[in-house]
Amino acid sequence: MSKPAILKVKGDKIVDGQGNSVLLRGAGLGGWMNQENFITGYPGHEFQIRETLDEVIGPQKATFYWDKFLEYFFTEADATFYKSLGLNAIRIAFNYRHFEDDMNPRVLKPEGFKHLDRVVDICAKVGIYTILDFHAAAGGQNIDWHADNPTHIASFWVHKDFQDRAIWLWEELARHYKGNPWVAGYNILNEPTDPTHTRLQVWYDRCIKAIHAIDDEHIIFLDGNTFASDFSHFEGHLAERWPNCVYSVHDYSPFGFPASQEKYVGSDEQKAKVRRDYMDKSAWIRERGLPIWNGEFGPVYARKQYDGEPTEEINEGRYLLLKDQLEVYDQEKISWSIWLYKDIGFQGMVYVGLDTPYMKRFEAFLLKKYTLAVDSWGADIKSIKHVHETIEKFITDAVPDPSHLELYPFPLWGVRKRLGRLVRNILLSEYLVREWAEHFRGLDEKALDELASSFKFENCVRRDGLNSVLREHHNVSTNQ
């Protein structure tokens, strides 16, 4: 395949070497170099399970398992299938811990590039651009599990050294990928939550300047503050302040999650809300004539082993919702990256089969996690609703002034959502980490390899309803 020119920004578009508009359309490779609890089935946070697995089976075996997991999770077979859907870009989420240690900061771990380079090269061979997504920075740039943050405080914004380390890592990445035309760009910080709304801008100034001093060609993708939802505090003429940058919204529809009180049937009113939600989230960007990338969106799906008979009906509604969202993006002619490529059955385009060693070994544990709503993402709290309501009432009774409950990031997080993070995703989860790790006790390298191989493409199931919708909408004319 011929080597393309590096993509760049021109006005409100991404263009190739000939100045032709390019729409980057694909998915997020989450759960791989930045693991998440709902994607691969563990409780809590990635650093916790890695530490505990070291204790249970020893560092040597644990290192062997994780290396095999990284090897098998995305291979040539995945890239070939992905490209067959017409997709041309993949957003690769990564965790800083692959490149430096907290006890040895700013010392590059060269093995961090082992699998990242492998996947960038695999994708390039079949014509897939990669976008490097800094999903978990030291200190936690946001208040959630997906930043590998064990608390609900984003310490990244409190301690400047965390911010400096993130810039150091981007300098290393820029040196490494400078001149690579199949790297579409750098998504320099996923879903920041800066309660001051000013420190993010200062950090963007510093990070963009540092990257451009090394690599001034690659596009930089910028998330809005507060989980990529708020651009309103960004100041100045941004095409000049932050050149060659694309602005990223995350357009999750509430219709696509179990907490929705309304079944999605594609009514005129529902379609209008789907469109209105996207237009509201992107209004600030569009008004300034800046380029837009929808960096995350997509519903979650019912699973027969948990949701029973309604599973198919629920999922048909979710596919319809996805279709209607993509029609809006087609009309607006934007680039997008759906969340998610691969998982264990909740949101992925492909998912690990129930008959694999991994899913069999963890079957009872995963049911327990589902019943207790241990993960925050897409949780169905029906079986523990009484617990939540009791604690919520205790708090609201103790704090009678409603304005005192409006803690950042209110209104995205109210009391109920904050409770879910603190009680289930942090407190309960950390007590379950050892139970998860004990499933590995006594396994030799052959058995560990078999567990990791569960994530190979040939051992996964394709979510055809989802993939057919993506195939229909992967391409759209960019002519005005």
# chains A, B, ... in the order shown; residues from 1 in each chain; ligands from 1
$ residues_around --residues "region 83-87 of chain A" --least-positions-apart "3" --cutoff "9 Å" --atoms "only C-alpha atoms" --output "MDAnalysis selection string"
chainID A and resid 24:27 78:80 90 123 126:128 467:468 470:475
$ residues_around --residues "Lys109 (chain A)" --least-positions-apart "2" --cutoff "6 Å" --atoms "only C-alpha atoms" --output "ChimeraX atom specification"
/A:99-100,111-112
$ select_by_dssp --residues "region 283-401 of chain A" --states "helix (DSSP H, G or I)" --output "VMD selection string"
chain A and resid 283 to 287 304 to 307 311 to 332 357 to 361 363 to 372 382 to 398
$ residues_around --residues "region 209-216 of chain A" --least-positions-apart "3" --cutoff "7 Å" --atoms "only C-alpha atoms" --output "tab-separated table (two decimals) with all heavy atoms, in the first residue's frame"
chain	number	residue	atom	x	y	z
A	170	TRP	N	4.15	12.82	26.21
A	170	TRP	CA	3.78	13.20	24.85
A	170	TRP	C	5.01	13.60	24.02
A	170	TRP	O	5.06	13.36	22.81
A	170	TRP	CB	2.75	14.32	24.84
A	170	TRP	CG	1.35	13.78	24.88
A	170	TRP	CD1	0.40	13.97	25.84
A	170	TRP	CD2	0.76	12.90	23.91
A	170	TRP	NE1	-0.75	13.27	25.52
A	170	TRP	CE2	-0.55	12.61	24.34
A	170	TRP	CE3	1.21	12.34	22.71
A	170	TRP	CZ2	-1.42	11.79	23.62
A	170	TRP	CZ3	0.35	11.51	21.98
A	170	TRP	CH2	-0.95	11.25	22.44
A	171	GLU	N	6.00	14.17	24.66
A	171	GLU	CA	7.24	14.46	23.93
A	171	GLU	C	7.90	13.17	23.46
A	171	GLU	O	8.39	13.09	22.32
A	171	GLU	CB	8.19	15.25	24.84
A	171	GLU	CG	7.73	16.68	25.09
A	171	GLU	CD	8.59	17.39	26.12
A	171	GLU	OE1	9.16	16.72	27.00
A	171	GLU	OE2	8.68	18.64	26.05
A	174	ALA	N	5.74	11.80	20.60
A	174	ALA	CA	5.92	12.61	19.39
A	174	ALA	C	7.23	12.27	18.70
A	174	ALA	O	7.29	12.18	17.46
A	174	ALA	CB	5.85	14.09	19.74
A	175	ARG	N	8.30	12.10	19.47
A	175	ARG	CA	9.59	11.70	18.87
A	175	ARG	C	9.46	10.35	18.17
A	175	ARG	O	10.01	10.13	17.09
A	175	ARG	CB	10.67	11.63	19.95
A	175	ARG	CG	11.14	12.95	20.48
A	175	ARG	CD	12.35	12.80	21.39
A	175	ARG	NE	12.65	14.08	22.04
A	175	ARG	CZ	12.23	14.40	23.26
A	175	ARG	NH1	11.53	13.54	23.97
A	175	ARG	NH2	12.54	15.58	23.76
A	178	LYS	N	6.82	10.69	15.04
A	178	LYS	CA	7.02	11.79	14.08
A	178	LYS	C	7.26	11.23	12.68
A	178	LYS	O	8.05	10.30	12.48
A	178	LYS	CB	8.23	12.62	14.51
A	178	LYS	CG	8.54	13.78	13.58
A	178	LYS	CD	9.75	14.58	14.08
A	178	LYS	CE	10.05	15.74	13.14
A	178	LYS	NZ	11.21	16.55	13.62
A	205	ASP	N	-2.18	24.59	26.33
A	205	ASP	CA	-1.17	25.51	25.79
A	205	ASP	C	0.22	24.88	25.87
A	205	ASP	O	0.98	24.86	24.87
A	205	ASP	CB	-1.15	26.82	26.59
A	205	ASP	CG	-2.31	27.75	26.27
A	205	ASP	OD1	-2.87	27.64	25.17
A	205	ASP	OD2	-2.65	28.58	27.13
A	206	ARG	N	0.56	24.37	27.04
A	206	ARG	CA	1.90	23.83	27.27
A	206	ARG	C	2.14	22.54	26.48
A	206	ARG	O	3.22	22.35	25.89
A	206	ARG	CB	2.10	23.58	28.76
A	206	ARG	CG	2.07	24.83	29.62
A	206	ARG	CD	2.17	24.47	31.10
A	206	ARG	NE	3.39	23.71	31.36
A	206	ARG	CZ	3.45	22.67	32.19
A	206	ARG	NH1	2.37	22.24	32.81
A	206	ARG	NH2	4.60	22.04	32.38
$ closest_atom_pairs --of "region 106-218 of chain A" --to "region 4-13 of chain A" --cutoff "8 Å" --atoms "only C-alpha atoms" --output "JSON lines"
{"residue": "A:Gly179", "atom": "CA", "partner": "A:Ile6", "partner_atom": "CA", "distance": 7.5}
{"residue": "A:Asn180", "atom": "CA", "partner": "A:Ile6", "partner_atom": "CA", "distance": 7.3}
{"residue": "A:Pro181", "atom": "CA", "partner": "A:Ile6", "partner_atom": "CA", "distance": 4.4}
{"residue": "A:Trp182", "atom": "CA", "partner": "A:Ile6", "partner_atom": "CA", "distance": 7.3}
{"residue": "A:Val183", "atom": "CA", "partner": "A:Ile6", "partner_atom": "CA", "distance": 7.8}
{"residue": "A:Ala184", "atom": "CA", "partner": "A:Leu7", "partner_atom": "CA", "distance": 6.1}
{"residue": "A:Glu217", "atom": "CA", "partner": "A:Ile6", "partner_atom": "CA", "distance": 7.0}
{"residue": "A:His218", "atom": "CA", "partner": "A:Lys8", "partner_atom": "CA", "distance": 6.7}
$ write_last_selection --atoms "N, CA and C atoms" --output "PDB file, in the first residue's frame"
ATOM      1  N   GLY A 179       6.534  11.770  11.714  1.00  0.00           N
ATOM      2  CA  GLY A 179       6.706  11.365  10.331  1.00  0.00           C
ATOM      3  C   GLY A 179       5.912  10.143   9.922  1.00  0.00           C
ATOM      4  N   ASN A 180       5.224   9.489  10.867  1.00  0.00           N
ATOM      5  CA  ASN A 180       4.434   8.303  10.529  1.00  0.00           C
ATOM      6  C   ASN A 180       3.079   8.748   9.967  1.00  0.00           C
ATOM      7  N   PRO A 181       2.843   8.537   8.667  1.00  0.00           N
ATOM      8  CA  PRO A 181       1.611   9.065   8.062  1.00  0.00           C
ATOM      9  C   PRO A 181       0.361   8.292   8.436  1.00  0.00           C
ATOM     10  N   TRP A 182       0.520   7.070   8.959  1.00  0.00           N
ATOM     11  CA  TRP A 182      -0.655   6.275   9.344  1.00  0.00           C
ATOM     12  C   TRP A 182      -1.134   6.571  10.759  1.00  0.00           C
ATOM     13  N   VAL A 183      -0.373   7.367  11.479  1.00  0.00           N
ATOM     14  CA  VAL A 183      -0.869   7.910  12.745  1.00  0.00           C
ATOM     15  C   VAL A 183      -1.600   9.203  12.407  1.00  0.00           C
ATOM     16  N   ALA A 184      -2.926   9.177  12.559  1.00  0.00           N
ATOM     17  CA  ALA A 184      -3.717  10.354  12.175  1.00  0.00           C
ATOM     18  C   ALA A 184      -3.506  11.505  13.137  1.00  0.00           C
ATOM     19  N   GLU A 217       3.518  18.327  12.580  1.00  0.00           N
ATOM     20  CA  GLU A 217       2.708  17.862  11.458  1.00  0.00           C
ATOM     21  C   GLU A 217       1.431  17.140  11.894  1.00  0.00           C
ATOM     22  N   HIS A 218       1.527  16.304  12.908  1.00  0.00           N
ATOM     23  CA  HIS A 218       0.365  15.498  13.266  1.00  0.00           C
ATOM     24  C   HIS A 218      -0.745  16.343  13.885  1.00  0.00           C
TER      25      HIS A 218
END
$ atom_distance --atom1 "CA of Val249 (chain A)" --atom2 "CA of Ala228 (chain A)"
5.3 Å
$ atom_distance --atom1 "CA of His98 (chain A)" --atom2 "CA of Ile208 (chain A)"
22.0 Å
$ closest_atom_pairs --of "region 424-457 of chain A" --to "region 138-157 of chain A" --cutoff "10 Å" --atoms "only C-alpha atoms" --output "JSON lines"
{"residue": "A:Asn425", "atom": "CA", "partner": "A:Trp145", "partner_atom": "CA", "distance": 7.7}
{"residue": "A:Ile426", "atom": "CA", "partner": "A:Pro150", "partner_atom": "CA", "distance": 6.8}
{"residue": "A:Leu427", "atom": "CA", "partner": "A:Pro150", "partner_atom": "CA", "distance": 9.6}
{"residue": "A:Glu430", "atom": "CA", "partner": "A:Pro150", "partner_atom": "CA", "distance": 9.1}
$ write_last_selection --atoms "C-alpha atoms" --output "short mmCIF file (atom, residue, chain, number, x, y, z; two decimals), in the first residue's frame"
data_model
loop_
_atom_site.label_atom_id
_atom_site.label_comp_id
_atom_site.auth_asym_id
_atom_site.auth_seq_id
_atom_site.Cartn_x
_atom_site.Cartn_y
_atom_site.Cartn_z
CA ASN A 425 -17.15 1.27 41.73
CA ILE A 426 -14.60 2.23 44.40
CA LEU A 427 -15.47 0.77 47.82
CA GLU A 430 -11.73 -2.94 45.97
#
$ closest_residue --among "A:Met103, A:Arg50, A:Pro254, A:Ile220" --to "Leu132 (chain A)" --atoms "only C-alpha atoms"
A:Ile220
